[in-house]
Amino acid sequence: MADKVKAESPTHINLVYFFIPLAEPLDLPDKFVQKFAEYPSDDDWKASIDEGKPIPRDEPTRIASLMFHQASTEDPDLSGLGSALDVAVKAFPGLSGEPRQPEGVRVRRTVVEAAVELLPFQGDEPDEASVSETFDRAIEYIRDVQRAYRIVCGRPVTLVTRERLPIFVPLAFRFRILPDTAPSWPEELTLFMTNTNLSRALPTDKREPIQEREQCEQLGRFVELLRSDRVFSRYPDFVREADTALRYQGEYRVAVVLAATAAEVLLDDLLMHMLWEEAYRPEAAAPVFERGLATRVRTQYHTRLGGSWDVQREGPVQQWGRKLAALRHRVVHAGYSPTEREAAEAREALFSLEGFLIRLITQQQPLKTYPRTAAMLLGEPGLKRRGLLSKRYTRLIQDSNEPLWVETFIRWRRVVAQCRANSSDERIEPEARRAKTLAVISPNGDTSWWLFDPEAYLVCAAHPPTLTDKVRADLDKLSDAAGANSSEPISVEFSSIAPDPAIPTEWIFPYRALPLFGVMVDKSDLTP
């Protein structure tokens, strides 16, 4: 730990630098930079208002920057420590001395220079827990980039973890004052203990590096996509895990199971999004997923997309059924150990299925019926590359009257999952004592009161509470504002009020009562 690490004024930003070697090199431009910023959550923002110390919602609470160095150096134990030390010494020109490198095998490495803002700390120097927490954040950011890299390049990547890192990585502290002040570089480099394991570099194959600006920008977009948990974002991550298990770890059973899971996630996401686009209520969509995947494949896709979905007829669906789904069944239920060839064929069956679905959704009739689903599956670049980004399509994507596709569908999917949980042992019983109090104000000034249990994700009507003069005055101001500025109802949370639930108590899904919880593509949420 650096001695006497201390900010001299509140204007300082305390940065900690970690130099983290990756298991496989990423073919990014040398010194490629990916930046991150975290913003206050809704809960933190509301809490700051309740405490009388509001924090800006548009100002980051923590910043981070990842620089990807391409290094070729001698690693004495192939753990990556030698590469990380080499990059760290070059990054800070003010170091008084350079650590000596033991002789070893020359390897190619990608080392990430992770500069992450330390959260405020007490005393002269940050405690170990604070630095460790910051290191975990750095690892999370790097993993996001690795996931996006897999999508852009199509190459399997082992996600960085503490356990896969060398025992130590280089560490340094630095203060970056406001932009008009010259930065001071670290004068001391020390080591941070990550774990008690050793790892070794894996051999790399010949591949073309990412150099084009468009690809670098695309990688940044995929970072945001993966962090959003939007539809189709989980599929490529399962593919990455399956590829890594197959190519780097030799775990053929794991690779088959993960590839089968990827196929099911892709098929289910596609069907869910089509049902959402058909304006199915989530309660009506949930029973569709109570039947097995094989039944859904046989009954749900052909009428919507066309194509052959008969597992007895030659084609991508038959390949999925025989070489992936059936093989996964043998692995899971019979403990079968597939060969490398079988695992590779399962992987090819997965990609054949993916291509099949893309071809179907981009045909004229499905594209007309499910334009939002196709846009979410392919993205604007994918539509443009296939010559499908027509003026009509562009108008739909830019239509301000459309609901926010990503957020609305995520809420819809959550209600579907909740409906399925309610019919099983996973159901969470709602409780008024842990519920939040919300007032829903209509444009005409009428106010209804609700209790929202976020854990059970249900709401119930509440009796109008007794209000203090101050709360009543605030509520009147909000009612006036709602009537003057909006044709839609608004909701406001009151943390200091705990009304009683209405009797008889009926818990319903939030989208049926609360603004900003909408799930329907046609905005019919509040329709009786």
# chains A, B, ... in the order shown; residues from 1 in each chain; ligands from 1
call {"tool": "select_by_dssp", "arguments": {"residues": "segment 215-462 of chain A", "states": "helix (DSSP H, G or I)", "output": "number ranges by chain"}}
result
A: 215-228, 235-247, 252-277, 282-290, 293-299, 302-305, 316-334, 340-361, 364-369, 371-385, 391-398, 405-422, 432-434
call {"tool": "residues_around", "arguments": {"residues": "Phe238 of chain A", "least_positions_apart": "6", "cutoff": "7 Å", "atoms": "only C-alpha atoms", "output": "count of residues only"}}
result
3
call {"tool": "atom_distance", "arguments": {"atom1": "atom CA of Gln146 of chain A", "atom2": "atom CA of Val223 of chain A"}}
result
8.6 Å
call {"tool": "residues_around", "arguments": {"residues": "Leu119 of chain A", "least_positions_apart": "4", "cutoff": "8 Å", "atoms": "only C-alpha atoms", "output": "MDAnalysis selection string"}}
result
chainID A and resid 14 62 130
call {"tool": "residues_around", "arguments": {"residues": "Gln318 of chain A", "least_positions_apart": "5", "cutoff": "12 Å", "atoms": "only C-alpha atoms", "output": "NGL selection string"}}
result
:A and (294 or 297-298 or 308-313 or 323-326 or 346 or 349-350 or 352-353 or 356)
call {"tool": "write_last_selection", "arguments": {"atoms": "C-alpha atoms", "output": "PDB file, in the first residue's frame"}}
result
ATOM      1  CA  ALA A 294     -39.683 -29.287 -27.882  1.00  0.00           C
ATOM      2  CA  VAL A 297     -40.604 -25.571 -31.262  1.00  0.00           C
ATOM      3  CA  ARG A 298     -43.272 -27.811 -32.752  1.00  0.00           C
ATOM      4  CA  SER A 308     -39.591 -26.159 -41.591  1.00  0.00           C
ATOM      5  CA  TRP A 309     -39.803 -26.878 -37.853  1.00  0.00           C
ATOM      6  CA  ASP A 310     -40.162 -30.648 -38.125  1.00  0.00           C
ATOM      7  CA  VAL A 311     -37.296 -32.375 -36.343  1.00  0.00           C
ATOM      8  CA  GLN A 312     -37.817 -35.376 -38.656  1.00  0.00           C
ATOM      9  CA  ARG A 313     -37.068 -33.372 -41.815  1.00  0.00           C
ATOM     10  CA  LYS A 323     -26.824 -33.010 -32.590  1.00  0.00           C
ATOM     11  CA  LEU A 324     -27.517 -30.549 -29.793  1.00  0.00           C
ATOM     12  CA  ALA A 325     -30.768 -31.082 -27.873  1.00  0.00           C
ATOM     13  CA  ALA A 326     -30.563 -34.903 -27.863  1.00  0.00           C
ATOM     14  CA  ALA A 346     -23.220 -29.388 -31.469  1.00  0.00           C
ATOM     15  CA  ALA A 349     -25.811 -26.970 -35.029  1.00  0.00           C
ATOM     16  CA  LEU A 350     -26.289 -23.977 -32.749  1.00  0.00           C
ATOM     17  CA  SER A 352     -26.980 -23.181 -38.066  1.00  0.00           C
ATOM     18  CA  LEU A 353     -30.096 -22.611 -35.945  1.00  0.00           C
ATOM     19  CA  PHE A 356     -32.030 -20.114 -39.782  1.00  0.00           C
TER      20      PHE A 356
END
call {"tool": "closest_residue", "arguments": {"among": "A:Ala286, A:Val145, A:Leu478, A:Val107", "to": "Asn422 of chain A", "atoms": "only C-alpha atoms"}}
result
A:Ala286
